[in-house]
$ cat upload26.cif   # mmCIF, C-alpha atoms (C1' of nucleotides)
data_final
#
loop_
_atom_site.label_atom_id
_atom_site.label_comp_id
_atom_site.auth_asym_id
_atom_site.auth_seq_id
_atom_site.Cartn_x
_atom_site.Cartn_y
_atom_site.Cartn_z
CA MET A 23 -6.28 6.40 27.09
CA GLU A 24 -2.94 5.49 28.50
CA PRO A 25 -0.12 7.72 27.45
CA HIS A 26 1.88 4.98 25.74
CA GLU A 27 5.30 5.27 27.27
CA PRO A 28 7.43 2.59 25.64
CA ASP A 29 10.48 0.92 27.00
CA LEU A 30 13.47 2.83 25.68
CA THR A 31 15.05 -0.36 24.38
CA ALA A 32 12.00 -0.89 22.18
CA VAL A 33 12.41 2.44 20.43
CA PRO A 34 14.65 2.59 17.36
CA VAL A 35 17.66 4.85 17.77
CA THR A 36 16.55 6.84 14.78
CA SER A 37 13.28 7.66 16.53
CA VAL A 38 15.11 8.90 19.61
CA LEU A 39 17.36 11.05 17.47
CA ALA A 40 14.46 12.31 15.39
CA ALA A 41 12.63 13.27 18.58
CA LEU A 42 15.60 15.40 19.60
CA ALA A 43 16.13 16.83 16.13
CA ASP A 44 13.62 19.61 16.51
CA ASP A 45 14.23 23.00 17.98
CA VAL A 46 11.03 23.22 19.99
CA ARG A 47 11.42 19.75 21.41
CA LEU A 48 15.04 20.42 22.26
CA GLN A 49 13.96 23.48 24.23
CA ILE A 50 11.40 21.37 26.04
CA VAL A 51 13.99 18.74 26.89
CA ARG A 52 16.40 21.39 28.13
CA ALA A 53 13.72 22.95 30.28
CA LEU A 54 12.90 19.55 31.77
CA ALA A 55 16.57 18.79 32.36
CA GLU A 56 16.97 22.02 34.27
CA GLY A 57 13.69 22.37 36.03
CA GLY A 58 12.69 18.79 36.64
CA GLU A 59 9.02 17.97 36.43
CA ALA A 60 6.95 20.60 34.68
CA ALA A 61 3.35 21.14 33.66
CA CYS A 62 2.70 21.05 29.92
CA GLY A 63 1.39 24.57 30.07
CA SER A 64 4.62 25.92 31.47
CA LEU A 65 6.49 24.70 28.42
CA ASP A 66 5.51 27.48 26.11
CA PHE A 67 7.98 28.11 23.34
CA GLY A 68 5.99 30.16 20.91
CA VAL A 69 3.81 27.43 19.48
CA SER A 70 0.12 26.74 19.95
CA LYS A 71 -1.02 24.32 22.60
CA ALA A 72 -1.98 21.85 19.88
CA THR A 73 1.55 21.90 18.54
CA ARG A 74 3.02 21.67 22.02
CA SER A 75 0.86 18.67 22.75
CA HIS A 76 2.11 17.08 19.55
CA HIS A 77 5.75 17.62 20.49
CA LEU A 78 5.21 16.20 23.96
CA LYS A 79 3.65 13.16 22.36
CA VAL A 80 6.67 12.68 20.12
CA LEU A 81 9.00 12.91 23.10
CA ARG A 82 6.86 10.54 25.13
CA GLU A 83 6.61 7.95 22.38
CA ALA A 84 10.34 8.17 21.82
CA GLY A 85 10.76 7.01 25.40
CA LEU A 86 12.32 10.28 26.52
CA THR A 87 9.65 11.55 28.91
CA ARG A 88 6.97 10.36 31.29
CA THR A 89 3.65 12.06 31.90
CA ARG A 90 1.32 11.85 34.84
CA ALA A 91 -1.99 13.53 35.51
CA ALA A 92 -2.30 16.06 38.33
CA GLY A 93 -5.64 17.76 38.48
CA THR A 94 -6.38 19.39 35.18
CA SER A 95 -2.69 19.58 34.46
CA ARG A 96 -0.27 16.96 33.29
CA LEU A 97 3.22 16.81 34.66
CA VAL A 98 6.03 15.85 32.35
CA ARG A 99 9.48 14.73 33.36
CA LEU A 100 12.59 13.58 31.57
CA ARG A 101 13.53 9.90 31.85
CA ARG A 102 17.10 10.92 32.41
CA ASP A 103 18.45 7.86 34.15
CA GLU A 104 17.11 5.47 31.56
CA VAL A 105 18.30 7.55 28.66
CA ASP A 106 21.73 8.02 30.20
CA LYS A 107 21.99 4.31 30.79
CA LEU A 108 21.07 3.26 27.28
CA TYR A 109 22.67 6.18 25.46
CA PRO A 110 25.46 7.43 27.70
CA GLY A 111 26.56 10.90 26.72
CA LEU A 112 23.68 11.56 24.39
CA LEU A 113 21.75 13.97 26.56
CA ASP A 114 24.87 15.61 27.90
CA ALA A 115 26.10 16.14 24.36
CA VAL A 116 22.86 17.59 23.19
CA LEU A 117 21.54 19.49 26.17
CA THR A 118 24.21 22.14 26.34
CA PRO A 119 23.00 25.19 24.47
CA ARG A 120 25.51 26.26 21.86
CA SER A 121 26.09 29.69 20.46
CA PRO A 122 25.80 29.32 16.68
CA ALA A 123 22.08 28.64 16.63
CA MET B 22 32.52 22.43 -7.15
CA GLU B 23 33.68 22.35 -3.58
CA PRO B 24 31.88 19.92 -1.38
CA HIS B 25 30.82 22.48 1.24
CA GLU B 26 32.08 21.01 4.48
CA PRO B 27 31.06 23.41 7.21
CA ASP B 28 32.68 23.91 10.56
CA LEU B 29 30.85 21.71 13.02
CA THR B 30 30.30 24.63 15.38
CA ALA B 31 28.41 26.40 12.61
CA VAL B 32 25.90 23.59 12.25
CA PRO B 33 22.80 23.65 14.47
CA VAL B 34 22.56 20.71 16.84
CA THR B 35 19.21 19.82 15.37
CA SER B 36 20.82 19.42 11.94
CA VAL B 37 23.44 17.07 13.33
CA LEU B 38 20.77 15.02 15.05
CA ALA B 39 18.53 15.05 11.99
CA ALA B 40 21.45 13.81 9.90
CA LEU B 41 21.84 10.85 12.24
CA ALA B 42 18.11 10.22 12.50
CA ASP B 43 17.87 8.11 9.39
CA ASP B 44 18.48 4.43 9.11
CA VAL B 45 20.46 4.51 5.89
CA ARG B 46 22.67 7.35 7.09
CA LEU B 47 23.23 5.63 10.40
CA GLN B 48 24.43 2.54 8.56
CA ILE B 49 26.77 4.70 6.53
CA VAL B 50 28.15 6.33 9.66
CA ARG B 51 28.63 2.96 11.31
CA ALA B 52 30.44 1.62 8.28
CA LEU B 53 32.71 4.65 8.27
CA ALA B 54 33.35 4.36 11.99
CA GLU B 55 34.42 0.78 11.56
CA GLY B 56 36.13 0.81 8.23
CA GLY B 57 37.62 4.26 8.12
CA GLU B 58 37.74 5.98 4.75
CA ALA B 59 35.47 4.42 2.16
CA ALA B 60 34.48 5.03 -1.43
CA CYS B 61 30.90 6.17 -1.96
CA GLY B 62 30.23 3.16 -4.08
CA SER B 63 31.16 0.76 -1.32
CA LEU B 64 28.44 2.19 0.89
CA ASP B 65 25.57 0.37 -0.69
CA PHE B 66 22.63 -0.17 1.64
CA GLY B 67 19.85 -0.99 -0.75
CA VAL B 68 19.20 2.45 -2.15
CA SER B 69 19.95 3.87 -5.57
CA LYS B 70 23.13 5.79 -6.15
CA ALA B 71 21.12 8.98 -6.40
CA THR B 72 19.69 8.40 -2.95
CA ARG B 73 23.06 7.42 -1.56
CA SER B 74 24.57 10.59 -2.96
CA HIS B 75 21.80 12.53 -1.27
CA HIS B 76 22.48 10.93 2.10
CA LEU B 77 26.19 11.55 1.82
CA LYS B 78 25.44 15.17 1.08
CA VAL B 79 23.29 15.43 4.20
CA LEU B 80 26.05 13.94 6.33
CA ARG B 81 28.66 16.18 4.77
CA GLU B 82 26.63 19.35 5.23
CA ALA B 83 25.91 18.38 8.82
CA GLY B 84 29.65 18.51 9.39
CA LEU B 85 29.90 14.79 10.08
CA THR B 86 31.99 13.67 7.13
CA ARG B 87 34.66 14.86 4.74
CA THR B 88 34.95 13.92 1.10
CA ARG B 89 37.96 13.97 -1.17
CA ALA B 90 38.30 13.03 -4.80
CA ALA B 91 40.45 10.06 -5.76
CA GLY B 92 40.36 9.22 -9.41
CA THR B 93 36.81 8.67 -10.50
CA SER B 94 35.86 7.78 -6.94
CA ARG B 95 35.25 9.92 -3.90
CA LEU B 96 36.51 8.87 -0.55
CA VAL B 97 34.39 9.67 2.48
CA ARG B 98 35.52 9.63 6.07
CA LEU B 99 33.97 10.39 9.42
CA ARG B 100 35.10 13.55 11.21
CA ARG B 101 35.27 11.60 14.43
CA ASP B 102 37.68 13.74 16.42
CA GLU B 103 35.79 16.92 15.76
CA VAL B 104 32.41 15.39 16.50
CA ASP B 105 33.69 13.75 19.67
CA LYS B 106 35.17 17.03 20.80
CA LEU B 107 32.04 19.09 20.28
CA TYR B 108 29.53 16.39 21.17
CA PRO B 109 31.30 14.01 23.51
CA GLY B 110 29.48 10.72 23.76
CA LEU B 111 27.14 11.36 20.87
CA LEU B 112 28.73 9.03 18.35
CA ASP B 113 29.52 6.41 20.95
CA ALA B 114 25.93 6.47 22.12
CA VAL B 115 24.55 6.18 18.65
CA LEU B 116 27.02 4.01 16.82
CA THR B 117 26.49 0.82 18.78
CA PRO B 118 24.00 -1.32 16.91
CA ARG B 119 21.06 -2.26 19.11
CA SER B 120 18.81 -5.26 18.82
CA PRO B 121 15.28 -3.81 18.58
CA ALA B 122 15.63 -2.36 15.09
"C1'" DG C 27 38.62 10.06 -29.29
"C1'" DG C 28 35.51 6.94 -27.43
"C1'" DT C 29 34.02 4.02 -23.67
"C1'" DT C 30 33.60 2.71 -19.01
"C1'" DT C 31 33.37 3.84 -14.20
"C1'" DT C 32 31.94 6.68 -10.51
"C1'" DG C 33 29.15 10.29 -8.59
"C1'" DT C 34 26.28 14.43 -8.81
"C1'" DT C 35 22.27 16.98 -10.16
"C1'" DC C 36 17.54 17.49 -11.89
"C1'" DG C 37 12.67 16.75 -11.84
"C1'" DA C 38 9.02 14.15 -10.15
"C1'" DT C 39 6.56 11.55 -6.78
"C1'" DC C 40 5.10 10.17 -2.38
"C1'" DA C 41 5.30 10.01 2.67
"C1'" DT C 42 6.29 12.36 6.77
"C1'" DT C 43 5.89 16.10 9.78
"C1'" DG C 44 5.32 20.80 11.91
"C1'" DT C 45 1.75 23.95 12.38
"C1'" DC C 46 -2.77 25.85 13.44
"C1'" DG C 47 -7.84 26.53 14.77
"C1'" DA C 48 -11.70 24.27 16.34
"C1'" DA C 49 -13.91 20.74 18.66
"C1'" DC C 50 -13.75 17.70 22.41
"C1'" DA C 51 -12.71 15.67 27.28
"C1'" DA C 52 -11.87 15.88 32.12
"C1'" DG C 53 -10.99 18.03 36.51
"C1'" DG C 54 -11.67 22.03 39.86
"C1'" DG C 55 -13.92 25.73 41.66
"C1'" DT C 56 -17.91 28.56 42.60
"C1'" DA D 29 -25.21 22.77 37.44
"C1'" DC D 30 -22.10 25.95 35.26
"C1'" DC D 31 -17.90 27.63 33.83
"C1'" DC D 32 -13.03 27.92 33.59
"C1'" DT D 33 -8.63 25.85 33.05
"C1'" DT D 34 -5.76 22.46 30.94
"C1'" DG D 35 -4.68 19.24 27.37
"C1'" DT D 36 -5.78 16.07 23.63
"C1'" DT D 37 -7.60 14.97 19.18
"C1'" DC D 38 -9.17 16.05 14.58
"C1'" DG D 39 -8.94 17.66 10.06
"C1'" DA D 40 -6.39 20.70 7.01
"C1'" DC D 41 -2.49 22.78 5.03
"C1'" DA D 42 2.37 23.77 3.94
"C1'" DA D 43 7.03 22.44 4.07
"C1'" DT D 44 10.36 19.08 4.27
"C1'" DG D 45 12.54 14.96 2.95
"C1'" DA D 46 13.39 10.16 1.04
"C1'" DT D 47 13.28 7.92 -3.15
"C1'" DC D 48 13.93 6.94 -8.03
"C1'" DG D 49 15.28 7.21 -13.15
"C1'" DA D 50 17.49 9.89 -16.37
"C1'" DA D 51 20.65 13.22 -17.73
"C1'" DC D 52 25.05 15.14 -16.90
"C1'" DA D 53 30.22 15.64 -15.42
"C1'" DA D 54 34.82 14.14 -14.76
"C1'" DA D 55 38.50 11.07 -14.53
"C1'" DA D 56 40.74 6.71 -16.10
"C1'" DC D 57 41.68 3.43 -19.48
"C1'" DC D 58 41.89 1.43 -24.05
#
$ encode --input "upload26.cif" --output "structure tokens"
Amino acid sequence: MEPHEPDLTAVPVTSVLAALADDVRLQIVRALAEGGEAACGSLDFGVSKATRSHHLKVLREAGLTRTRAAGTSRLVRLRRDEVDKLYPGLLDAVLTPRSPA
Amino acid sequence: MEPHEPDLTAVPVTSVLAALADDVRLQIVRALAEGGEAACGSLDFGVSKATRSHHLKVLREAGLTRTRAAGTSRLVRLRRDEVDKLYPGLLDAVLTPRSPA
DNA sequence: GGTTTTGTTCGATCATTGTCGAACAAGGGT
DNA sequence: ACCCTTGTTCGACAATGATCGAACAAAACC
């Protein structure tokens, strides 16, 4: 089945924000912003692979990431340009890790 | 009882995003951004006053708004400067109403 | 003092969502 | 062919959250 990667303009703002409003997903997004394309398996943040797959699906369906198959792996990357264009400042504002949790 | 308005730096980013990731609250924030200070009662978006009070509490505890008493009313205002300073671009990116819902 | 206005809080309900283990699917290697 | 690796999907469960009506609180006004 195709991964269902919607056009960002078709995703409600609240869905984009909700996708970013989770600690695990925020760590994933930060990792992608720093490291570029990454295999799903490399994005381990203390949750099971089922949960990780769920989070990646949320990010994908929010229009924030793209996924492509590569062997048995799947490579995920941040749709930075598109997000920055539609929501200028959003990623920059959110990506910087802040001290107080 | 004091309204509990935390320092923005003490609020996790995910809480700020979660506060904005709701349609009703986003409408409230937009109204406040446009109209400045507003009474709670003027922020009617089709929900009961109990629900509205709940949403205003979420926004307040996310560090996004301040509330002050004025007679029997309570006036709410957006903490725009502080939010813009800590999360530059966030409100601008989110406040603009977009077509696709 | 009583009534009206304006919000908050409480309890309940219902939907959403984060989480996991287990089962499944697909590709690569041997 | 077999197995291993990598992810996804499927229930299930627990926690969170949005919603409401009703009860409560506080100030203003008569």
$ residues_near_point --input "upload26.cif" --point "(-0.7, 18.1, 34.4)" --cutoff "12 Å" --atoms "all atoms listed in the file" --output "list in words"
Glu59, Ala60, Ala61, Cys62, Gly63, Ser64, Leu65, Ser75, Arg88, Thr89, Arg90, Ala91, Ala92, Gly93, Thr94, Ser95, Arg96, Leu97, Val98 and Arg99 of chain A; DA52 and DG53 of chain C; DT33, DT34 and DG35 of chain D
$ write_last_selection --input "upload26.cif" --atoms "C-alpha atoms (C1' of nucleotides)" --output "tab-separated table (two decimals), keeping the file's coordinate frame"
chain	number	residue	atom	x	y	z
A	59	GLU	CA	9.02	17.97	36.43
A	60	ALA	CA	6.95	20.60	34.68
A	61	ALA	CA	3.35	21.14	33.66
A	62	CYS	CA	2.70	21.05	29.92
A	63	GLY	CA	1.39	24.57	30.07
A	64	SER	CA	4.62	25.92	31.47
A	65	LEU	CA	6.49	24.70	28.42
A	75	SER	CA	0.86	18.67	22.75
A	88	ARG	CA	6.97	10.36	31.29
A	89	THR	CA	3.65	12.06	31.90
A	90	ARG	CA	1.32	11.85	34.84
A	91	ALA	CA	-1.99	13.53	35.51
A	92	ALA	CA	-2.30	16.06	38.33
A	93	GLY	CA	-5.64	17.76	38.48
A	94	THR	CA	-6.38	19.39	35.18
A	95	SER	CA	-2.69	19.58	34.46
A	96	ARG	CA	-0.27	16.96	33.29
A	97	LEU	CA	3.22	16.81	34.66
A	98	VAL	CA	6.03	15.85	32.35
A	99	ARG	CA	9.48	14.73	33.36
C	52	DA	C1'	-11.87	15.88	32.12
C	53	DG	C1'	-10.99	18.03	36.51
D	33	DT	C1'	-8.63	25.85	33.05
D	34	DT	C1'	-5.76	22.46	30.94
D	35	DG	C1'	-4.68	19.24	27.37
$ interface_residues --input "upload26.cif" --of "chain A" --to "chain C" --cutoff "12 Å" --atoms "all atoms listed in the file" --output "ChimeraX atom specification"
/A:23,40-41,44-47,68-77,80,91-96
$ residues_around --input "upload26.cif" --residues "Glu55 of chain B" --least-positions-apart "4" --cutoff "10 Å" --atoms "only C-alpha atoms (C1' of nucleotides)" --output "NGL selection string"
:B and (49-51 or 99 or 116)
$ resolve_selection --input "upload26.cif" --expression "the PyMOL selection byres ((chain B) within 12 of (chain A))" --output "ChimeraX atom specification"
/B:28-48,104-122
$ interface_residues --input "upload26.cif" --of "chain D" --to "chain B" --cutoff "9 Å" --atoms "only C-alpha atoms (C1' of nucleotides)" --output "list in words"
DA46, DT47, DC48, DA54, DA55 and DA56 of chain D
$ axis_aligned_box --input "upload26.cif" --around "segment 35-45 of chain C" --padding-each-side "3 Å" --output "lines of an AutoDock Vina configuration file"
center_x = 12.0
center_y = 17.0
center_z = 0.2
size_x = 26.5
size_y = 19.9
size_z = 30.3
$ atom_distance --input "upload26.cif" --atom1 "atom CA of Glu83 of chain A" --atom2 "atom CA of Arg101 of chain A"
11.9 Å
$ decode --input "upload26.cif" --residues "chain C" --atoms "C-alpha atoms (C1' of nucleotides)" --output "PDB file, in the first residue's frame"
ATOM      1  C1'  DG C  27     -30.582  41.112  50.820  1.00  0.00           C
ATOM      2  C1'  DG C  28     -31.796  39.164  46.636  1.00  0.00           C
ATOM      3  C1'  DT C  29     -31.141  38.687  41.711  1.00  0.00           C
ATOM      4  C1'  DT C  30     -28.576  38.737  37.582  1.00  0.00           C
ATOM      5  C1'  DT C  31     -24.319  38.187  35.138  1.00  0.00           C
ATOM      6  C1'  DT C  32     -20.056  35.953  34.353  1.00  0.00           C
ATOM      7  C1'  DG C  33     -16.919  32.179  34.960  1.00  0.00           C
ATOM      8  C1'  DT C  34     -15.056  28.144  37.354  1.00  0.00           C
ATOM      9  C1'  DT C  35     -15.281  23.526  39.095  1.00  0.00           C
ATOM     10  C1'  DC C  36     -17.228  18.865  39.462  1.00  0.00           C
ATOM     11  C1'  DG C  37     -18.658  14.483  37.738  1.00  0.00           C
ATOM     12  C1'  DA C  38     -19.786  11.854  33.908  1.00  0.00           C
ATOM     13  C1'  DT C  39     -19.424  10.363  29.234  1.00  0.00           C
ATOM     14  C1'  DC C  40     -17.303   9.436  24.978  1.00  0.00           C
ATOM     15  C1'  DA C  41     -13.591   9.702  21.563  1.00  0.00           C
ATOM     16  C1'  DT C  42      -8.839   9.927  20.738  1.00  0.00           C
ATOM     17  C1'  DT C  43      -4.310   8.380  21.287  1.00  0.00           C
ATOM     18  C1'  DG C  44       0.131   6.366  23.062  1.00  0.00           C
ATOM     19  C1'  DT C  45       1.740   1.985  24.122  1.00  0.00           C
ATOM     20  C1'  DC C  46       2.799  -2.898  23.679  1.00  0.00           C
ATOM     21  C1'  DG C  47       3.188  -7.913  22.067  1.00  0.00           C
ATOM     22  C1'  DA C  48       2.135 -10.846  18.496  1.00  0.00           C
ATOM     23  C1'  DA C  49       1.182 -11.818  13.922  1.00  0.00           C
ATOM     24  C1'  DC C  50       2.102 -10.682   9.315  1.00  0.00           C
ATOM     25  C1'  DA C  51       4.670  -9.031   4.897  1.00  0.00           C
ATOM     26  C1'  DA C  52       8.594  -8.271   2.032  1.00  0.00           C
ATOM     27  C1'  DG C  53      13.409  -8.090   0.849  1.00  0.00           C
ATOM     28  C1'  DG C  54      18.299  -9.976   1.291  1.00  0.00           C
ATOM     29  C1'  DG C  55      21.529 -13.272   2.172  1.00  0.00           C
ATOM     30  C1'  DT C  56      23.198 -17.944   2.596  1.00  0.00           C
TER      31       DT C  56
END
